[in-house]
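I have placed the structure first, in the form of structure tokens, so that the comments after it can refer back to it.
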Amino acid sequence: MMDDGRSEARQQAILAVLVAFAVIGGLGGMPLFDRDEGAFSEATREMVSSGNYLMTYLNGEPRYDKPILIYWFQAVSMHIFGVNAFAVRFPSAVAAALWALITYRFTKRHFGAPSAFPAAFMLVAAIQINLIAKAAIADALLNLLLAATMFQAYAYYESARKRDLHLAAVMMALGMLTKGPVAVLIPLGASFIFCWSNKELKRWLHAVFNPAAIAIFLIISAPWYIYAIATQGSAYLDQFWLKHNVKRFTTPLEGHGGSLLYYCFVVPIGLLPYTALLFKALRRTKIYWGAPETRFLLAWFFFVFVFFSLSGTKLHHYVIYGYTPMLILMALELPRVRHPFLLALPALLLMGVLLLLPGTLPWVAGRVNDAFAAQVVSEAGPYFDARYMAGMTIAFIALLGIAFAPRIPIAARLVGMGIIVLLALNCCVGPVVSALQQGPVVEAAAIAKAHDYDVVLWEADNPSFAFYQEKASMVRAPKDGDIVFTKKICLERLEEYETLFERHGLALVRVIHAGEGAAQTVEGMPRNMK
């Protein structure tokens with residue numbers, strides 16, 4: 001018994017180190033990515049700068065996209081660590097680590113410690129989750145709170161303890177303050193399917209309409225929403241509730257549409273390098289439906305998958321809300337792996353694609369319709385240098401070793417795959433992408449900061465510019481005398497300008513004479529009519 005306890009303690013210590021490596025490693029090493037990271041971070045910076053901690057503003061204009069909780073956590077982090085990428089990303093990393101912890105505890109309780117370790121590690125090592133764990137956005141926090149809500153809901157199902165139901169209400173309310181109604185929709189929808197499958201809808205109704213749970217939910221979540229509506233009025237109702245919730249489901253917003261099969265392609269990619277376990281788990285759906293614990297997990301995953309497949313707006317990270325239960329099911333499949341090569345095959349394919357990527361750049365650049373994107377791709381070649389190629393080659397060879405080396409325990413292969421892929425992405429791929437996409441933004445912002453320019457963002461959706469300048473930008477058409485940050489392809493619409501900085505399709509210019517073309521969009525439509 002004592003040896004078992006020491007072994008488990010050692011396993012938990014190893015897991016803690018691996019989780020910390022996965023979510024903290026490289027957290028501040030790359031610049032913020034636009035648009036989402038830049039928008040969240042600049043809104044938080046303006047919150048701290050203004051001292052208004054009740055509403056968010058982006059470049060001086062109200063930002064209604066998301067509720068308040070993630071901004072509060074980012075603001076606290078910014079007070080501790082300063083105005084930098086690490087500070088605004090740190091709350092997401094903490095949330096991801098806690099998300100792994102509660103997943104470990106739930107899995108250990110219901111399926112045993114041997115499944116708990118891989119479930120928790122895969123949760124932070126799967127590439128799509130690892131991205132949001134290191135991103136200054138609301139999704140890592142929301143997924144932590146969704147998982148906590150669902151785990152407490154199942155605890156209530158098992159025990160009928162009111163404490164578990166009340167804790168679920170607390171987590172749901174915090175989720176409501178993080179990203180809105182989705183934090184309520186998913187627990188209610190998934191638990192409905194689960195109870196319906198058990199012919200226990202009456203029990204579901206008693207839980208959902210429990211007066212104490214409703215009161216707890218409203219006491220925590222309602223005050224801020226009441227304040228937002230009272231101070232912002234119909235604009236908040238129209239933008240947050242109608243546009244960012246109702247319309248996101250009914251119509252494709254901001255060009256983010258897709259077919260019903262969209263997430264059939266996203267999920268296998270998002271769960272790399274563990275896609276082989278995904279397919280093994282899906283093949284056993286009928287068996288898993290037969291037991292309450294695994295039926296609960298399937299109801300959770302498939303509700304998320306189907307609901308967002310039916311949504312008009314499709315973004316790749318929406319389906320992550322259902323990854324927690326699927327990763328637990330995937331962990332249950334690990335002892336059934338008989339061919340280590342098949343386990344490693346998805347990771348090998350990923351590394352192979354990334355190794356061949358530099359050679360495909362001329363072909364890709366010639367087939368990209370967007371002129372700005374084509375310019376960026378055409379200038380990417382020098383960044384895929386010897387260091388990149390050496391790193392990716394080493395990663396590929398190391399994965400081959402994991403696939404074919406004898407006598408390596410299957411759990412060790414799983415961990416090794418995750419570490420190799422994360423190192424390759426963080427040390428080789430990430431720096432190239434960030435240098436191409438965000439390097440010019442950071443450099444131009446540094447120039448603007450050094451000269452204390454008042455900058456106009458024109459046809460450039462780069463809110464991180466203001467974050468790095470530490471000064472809100474203006475978003476409008478340029479006028480004579482303005483300092484403008486824009487895409488290089490837009491400069492032909494200005495009659496006369498002086499270039500202050502230009503790289504990878506982005507430019508910082510001083511407008512000498514704007515002319516009539518500056519007031520037109522790319523399509524020729526006046527901006528105030530767009």
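Chain labels run A, B, ... following the order of the structure tokens; each chain numbers its residues from 1, and ligands are numbered from 1 in the order shown.
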Query - Spatial neighbours of Arg476 (chain A), 8 Å, only C-alpha atoms, chain gap at least 2 places, as number ranges by chain - result: A: 456-458, 474, 478
Written selection (all heavy atoms) as a PDB file, in the first residue's frame:
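File produced: out.pdb:
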ATOM      1  N   VAL A 456      -3.438  56.107 -36.653  1.00  0.00           N
ATOM      2  CA  VAL A 456      -4.712  55.671 -37.225  1.00  0.00           C
ATOM      3  C   VAL A 456      -4.529  54.276 -37.807  1.00  0.00           C
ATOM      4  O   VAL A 456      -3.624  54.043 -38.616  1.00  0.00           O
ATOM      5  CB  VAL A 456      -5.184  56.644 -38.323  1.00  0.00           C
ATOM      6  CG1 VAL A 456      -6.432  56.096 -39.021  1.00  0.00           C
ATOM      7  CG2 VAL A 456      -5.461  58.024 -37.743  1.00  0.00           C
ATOM      8  N   LEU A 457      -5.374  53.335 -37.368  1.00  0.00           N
ATOM      9  CA  LEU A 457      -5.412  52.009 -37.990  1.00  0.00           C
ATOM     10  C   LEU A 457      -6.405  52.058 -39.141  1.00  0.00           C
ATOM     11  O   LEU A 457      -7.586  52.348 -38.943  1.00  0.00           O
ATOM     12  CB  LEU A 457      -5.838  50.947 -36.976  1.00  0.00           C
ATOM     13  CG  LEU A 457      -4.901  50.647 -35.807  1.00  0.00           C
ATOM     14  CD1 LEU A 457      -5.469  49.507 -34.972  1.00  0.00           C
ATOM     15  CD2 LEU A 457      -3.496  50.311 -36.284  1.00  0.00           C
ATOM     16  N   TRP A 458      -5.917  51.757 -40.328  1.00  0.00           N
ATOM     17  CA  TRP A 458      -6.759  51.857 -41.525  1.00  0.00           C
ATOM     18  C   TRP A 458      -6.644  50.569 -42.327  1.00  0.00           C
ATOM     19  O   TRP A 458      -5.568  50.211 -42.803  1.00  0.00           O
ATOM     20  CB  TRP A 458      -6.311  53.060 -42.364  1.00  0.00           C
ATOM     21  CG  TRP A 458      -7.039  53.245 -43.656  1.00  0.00           C
ATOM     22  CD1 TRP A 458      -8.389  53.259 -43.839  1.00  0.00           C
ATOM     23  CD2 TRP A 458      -6.443  53.449 -44.938  1.00  0.00           C
ATOM     24  NE1 TRP A 458      -8.689  53.455 -45.172  1.00  0.00           N
ATOM     25  CE2 TRP A 458      -7.512  53.591 -45.873  1.00  0.00           C
ATOM     26  CE3 TRP A 458      -5.137  53.536 -45.397  1.00  0.00           C
ATOM     27  CZ2 TRP A 458      -7.291  53.795 -47.231  1.00  0.00           C
ATOM     28  CZ3 TRP A 458      -4.916  53.751 -46.756  1.00  0.00           C
ATOM     29  CH2 TRP A 458      -5.978  53.875 -47.657  1.00  0.00           C
ATOM     30  N   MET A 474      -6.618  55.183 -33.302  1.00  0.00           N
ATOM     31  CA  MET A 474      -7.888  55.597 -33.886  1.00  0.00           C
ATOM     32  C   MET A 474      -8.184  54.681 -35.070  1.00  0.00           C
ATOM     33  O   MET A 474      -7.267  54.334 -35.822  1.00  0.00           O
ATOM     34  CB  MET A 474      -7.818  57.057 -34.353  1.00  0.00           C
ATOM     35  CG  MET A 474      -7.648  58.052 -33.217  1.00  0.00           C
ATOM     36  SD  MET A 474      -7.299  59.732 -33.800  1.00  0.00           S
ATOM     37  CE  MET A 474      -5.551  59.580 -34.191  1.00  0.00           C
ATOM     38  N   PRO A 478      -7.938  57.682 -43.175  1.00  0.00           N
ATOM     39  CA  PRO A 478      -6.876  58.654 -42.912  1.00  0.00           C
ATOM     40  C   PRO A 478      -7.190  60.040 -43.463  1.00  0.00           C
ATOM     41  O   PRO A 478      -7.933  60.188 -44.440  1.00  0.00           O
ATOM     42  CB  PRO A 478      -5.666  58.043 -43.616  1.00  0.00           C
ATOM     43  CG  PRO A 478      -6.246  57.199 -44.698  1.00  0.00           C
ATOM     44  CD  PRO A 478      -7.542  56.670 -44.162  1.00  0.00           C
TER      45      PRO A 478
END
Query - Distance query region 301-310 of chain A at most 10 Å, only C-alpha atoms, self and fewer than 5 positions along chain excluded, as a ChimeraX atom specification - result: /A:185-187,189-194,249-250,258-264,267,295-296,315-316,318-327
**Report entry** Minimum-distance residue to Asn84 (chain A), chosen among A:Leu277, A:Leu146, A:Leu349, A:Val442 (using only C-alpha atoms)
**Finding:** A:Val442
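We find CA of Ala446 (chain A) and CA of Ala39 (chain A) to be spaced 18.0 Å apart.
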Report summary line: Closest of A:Ser159, A:Ser464, A:Ser473, A:Thr486 to Gly38 (chain A), counting only C-alpha atoms, is A:Ser464
Query raised in the report: What is the CA of Ile219 (chain A)-CA of Thr56 (chain A) distance in Å, reported with one decimal?
Result: 21.6 Å
Query raised in the report: Hey, which of A:Ser77, A:Glu37, A:His206, A:Phe265 ends up closest to Ala160 (chain A)? Count only C-alpha atoms.
Result: A:His206
Report task. Per DSSP on the backbone, filter region 263-374 of chain A down to the residues in helix (DSSP H, G or I) and report them as a ChimeraX atom specification. Result -> /A:263-270,275-283,285-288,292-310,316-336,340-365,371-374
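Relative to CA of Val266 (chain A), CA of Ser92 (chain A) is found at 21.7 Å.
Nearest residue to Ile269 (chain A) among A:Val455, A:Ile127, A:Met47, A:Leu500 is A:Ile127, counting only C-alpha atoms.
Using only C-alpha atoms, the protein and nucleic acid residues lying no more than 12 Å from Gly60 (chain A), apart from those fewer than 4 places from it along its own chain, are Ala39, Glu42, Ala43, Thr44, Arg45, Glu46, Met47, Ser49, Ser50, Asn52, Met55, Thr56, Pro463, Ala466, Lys471, Ala472, Ser473, Met474 and Val475 of chain A.
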**Report entry** Shell of 12 Å around Leu356 (chain A), only C-alpha atoms, local chain residues under 2 positions omitted, as a PyMOL selection string
**Finding:** chain A and resi 349-354+358-361+384+388-389+392-393+396
Go ahead and write the selection's residues with N, CA, C and O atoms as an mmCIF file, in the first residue's frame.
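Dumped to selection.cif:
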data_model
loop_
_atom_site.group_PDB
_atom_site.id
_atom_site.type_symbol
_atom_site.label_atom_id
_atom_site.label_comp_id
_atom_site.auth_asym_id
_atom_site.auth_seq_id
_atom_site.Cartn_x
_atom_site.Cartn_y
_atom_site.Cartn_z
ATOM 1 N N LEU A 349 3.090 12.188 -39.623
ATOM 2 C CA LEU A 349 2.514 12.878 -40.783
ATOM 3 C C LEU A 349 2.566 14.388 -40.600
ATOM 4 O O LEU A 349 2.890 15.137 -41.538
ATOM 5 N N LEU A 350 2.261 14.853 -39.383
ATOM 6 C CA LEU A 350 2.321 16.289 -39.104
ATOM 7 C C LEU A 350 3.734 16.819 -39.301
ATOM 8 O O LEU A 350 3.938 17.859 -39.964
ATOM 9 N N MET A 351 4.741 16.134 -38.740
ATOM 10 C CA MET A 351 6.123 16.579 -38.892
ATOM 11 C C MET A 351 6.553 16.518 -40.348
ATOM 12 O O MET A 351 7.305 17.380 -40.831
ATOM 13 N N GLY A 352 6.092 15.511 -41.071
ATOM 14 C CA GLY A 352 6.425 15.412 -42.487
ATOM 15 C C GLY A 352 5.892 16.590 -43.286
ATOM 16 O O GLY A 352 6.592 17.164 -44.130
ATOM 17 N N VAL A 353 4.644 16.969 -43.016
ATOM 18 C CA VAL A 353 4.047 18.123 -43.703
ATOM 19 C C VAL A 353 4.835 19.388 -43.388
ATOM 20 O O VAL A 353 5.122 20.205 -44.281
ATOM 21 N N LEU A 354 5.191 19.576 -42.128
ATOM 22 C CA LEU A 354 5.925 20.783 -41.732
ATOM 23 C C LEU A 354 7.335 20.804 -42.308
ATOM 24 O O LEU A 354 7.878 21.875 -42.593
ATOM 25 N N PRO A 358 8.292 24.446 -46.464
ATOM 26 C CA PRO A 358 9.052 25.501 -47.153
ATOM 27 C C PRO A 358 9.103 25.328 -48.667
ATOM 28 O O PRO A 358 9.045 26.308 -49.412
ATOM 29 N N GLY A 359 9.176 24.094 -49.130
ATOM 30 C CA GLY A 359 9.251 23.857 -50.564
ATOM 31 C C GLY A 359 7.957 24.145 -51.308
ATOM 32 O O GLY A 359 7.961 24.289 -52.534
ATOM 33 N N THR A 360 6.846 24.228 -50.586
ATOM 34 C CA THR A 360 5.550 24.470 -51.224
ATOM 35 C C THR A 360 5.198 25.958 -51.297
ATOM 36 O O THR A 360 4.183 26.315 -51.900
ATOM 37 N N LEU A 361 6.018 26.827 -50.678
ATOM 38 C CA LEU A 361 5.650 28.243 -50.585
ATOM 39 C C LEU A 361 5.425 28.912 -51.947
ATOM 40 O O LEU A 361 4.433 29.634 -52.117
ATOM 41 N N PHE A 384 12.293 30.095 -43.066
ATOM 42 C CA PHE A 384 12.428 28.634 -42.958
ATOM 43 C C PHE A 384 13.901 28.282 -43.203
ATOM 44 O O PHE A 384 14.261 27.694 -44.216
ATOM 45 N N TYR A 388 15.297 25.954 -38.628
ATOM 46 C CA TYR A 388 13.966 25.359 -38.758
ATOM 47 C C TYR A 388 14.073 23.938 -39.301
ATOM 48 O O TYR A 388 13.493 22.998 -38.737
ATOM 49 N N MET A 389 14.808 23.769 -40.380
ATOM 50 C CA MET A 389 14.895 22.462 -41.009
ATOM 51 C C MET A 389 15.569 21.450 -40.078
ATOM 52 O O MET A 389 15.144 20.290 -40.002
ATOM 53 N N MET A 392 13.042 20.482 -37.242
ATOM 54 C CA MET A 392 11.970 19.615 -37.697
ATOM 55 C C MET A 392 12.493 18.229 -38.059
ATOM 56 O O MET A 392 11.811 17.213 -37.846
ATOM 57 N N THR A 393 13.702 18.165 -38.596
ATOM 58 C CA THR A 393 14.291 16.861 -38.918
ATOM 59 C C THR A 393 14.555 16.058 -37.653
ATOM 60 O O THR A 393 14.269 14.848 -37.587
ATOM 61 N N PHE A 396 11.300 14.726 -36.363
ATOM 62 C CA PHE A 396 10.807 13.596 -37.160
ATOM 63 C C PHE A 396 11.559 12.320 -36.791
ATOM 64 O O PHE A 396 10.947 11.246 -36.612
#
Report task. Give me the residues within 12 Å of Ile80 (chain A) as an MDAnalysis selection string, counting only C-alpha atoms and dropping any in the same chain fewer than 5 places off. Result -> chainID A and resid 48 73:75 86:88 90:91
Would you save the residues of that selection, restricted to N, CA and C atoms, as a PDB file, in the first residue's frame?
ATOM      1  N   VAL A  48      -6.881  48.868 -17.388  1.00  0.00           N
ATOM      2  CA  VAL A  48      -5.926  49.201 -16.327  1.00  0.00           C
ATOM      3  C   VAL A  48      -5.529  50.670 -16.412  1.00  0.00           C
ATOM      4  N   PHE A  73      -9.056  38.960 -14.668  1.00  0.00           N
ATOM      5  CA  PHE A  73      -7.877  38.129 -14.398  1.00  0.00           C
ATOM      6  C   PHE A  73      -6.653  38.672 -15.131  1.00  0.00           C
ATOM      7  N   GLN A  74      -6.832  39.095 -16.376  1.00  0.00           N
ATOM      8  CA  GLN A  74      -5.708  39.655 -17.116  1.00  0.00           C
ATOM      9  C   GLN A  74      -5.230  40.961 -16.487  1.00  0.00           C
ATOM     10  N   ALA A  75      -6.149  41.763 -15.977  1.00  0.00           N
ATOM     11  CA  ALA A  75      -5.775  43.022 -15.336  1.00  0.00           C
ATOM     12  C   ALA A  75      -4.943  42.763 -14.084  1.00  0.00           C
ATOM     13  N   PHE A  86       3.416  37.919 -21.717  1.00  0.00           N
ATOM     14  CA  PHE A  86       3.350  36.921 -20.649  1.00  0.00           C
ATOM     15  C   PHE A  86       2.225  37.240 -19.674  1.00  0.00           C
ATOM     16  N   ALA A  87       2.082  38.500 -19.317  1.00  0.00           N
ATOM     17  CA  ALA A  87       1.087  38.891 -18.318  1.00  0.00           C
ATOM     18  C   ALA A  87      -0.325  38.565 -18.776  1.00  0.00           C
ATOM     19  N   VAL A  88      -0.655  38.890 -20.018  1.00  0.00           N
ATOM     20  CA  VAL A  88      -2.036  38.687 -20.462  1.00  0.00           C
ATOM     21  C   VAL A  88      -2.306  37.227 -20.815  1.00  0.00           C
ATOM     22  N   PHE A  90      -0.868  34.669 -19.003  1.00  0.00           N
ATOM     23  CA  PHE A  90      -0.690  33.876 -17.795  1.00  0.00           C
ATOM     24  C   PHE A  90      -2.013  33.343 -17.235  1.00  0.00           C
ATOM     25  N   PRO A  91      -3.096  34.130 -17.175  1.00  0.00           N
ATOM     26  CA  PRO A  91      -4.359  33.564 -16.672  1.00  0.00           C
ATOM     27  C   PRO A  91      -4.845  32.364 -17.477  1.00  0.00           C
TER      28      PRO A  91
END
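Using only C-alpha atoms, the nearest neighbour of Lys162 (chain A) within the list A:Gly25, A:Gly180, A:Pro211, A:Pro118 is A:Pro211.
Near Gly26 (chain A), within 10 Å and counting only C-alpha atoms, sit Phe21, Ala22, Met30, Phe86, Lys134, Leu423, Asn426, Cys427 and Gly430 of chain A, not including residues fewer than 4 positions from it in the same chain.
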Could the residues in this selection be written to a file with N, CA and C atoms, as a compact mmCIF listing (two decimals), in the first residue's frame?
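What landed in result06.txt:
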# COMPACT_ATOMS: atom_id res chain seq x y z
N PHE A 21 5.32 22.49 -18.02
CA PHE A 21 6.10 22.63 -19.26
C PHE A 21 5.19 22.95 -20.44
N ALA A 22 4.07 22.25 -20.53
CA ALA A 22 3.18 22.40 -21.68
C ALA A 22 2.52 23.77 -21.73
N MET A 30 6.62 34.72 -27.78
CA MET A 30 6.14 35.18 -29.08
C MET A 30 5.19 36.35 -28.89
N PHE A 86 3.42 37.92 -21.72
CA PHE A 86 3.35 36.92 -20.65
C PHE A 86 2.22 37.24 -19.67
N LYS A 134 -2.12 29.00 -24.21
CA LYS A 134 -1.08 30.02 -24.27
C LYS A 134 -1.59 31.28 -24.96
N LEU A 423 7.63 20.88 -28.62
CA LEU A 423 8.92 21.54 -28.83
C LEU A 423 9.07 21.99 -30.28
N ASN A 426 6.63 25.01 -30.79
CA ASN A 426 7.00 26.22 -30.05
C ASN A 426 8.35 26.78 -30.45
N CYS A 427 9.29 25.90 -30.81
CA CYS A 427 10.66 26.35 -31.09
C CYS A 427 10.93 26.56 -32.57
N GLY A 430 6.30 28.19 -34.40
CA GLY A 430 5.80 29.42 -33.79
C GLY A 430 6.63 30.65 -34.11
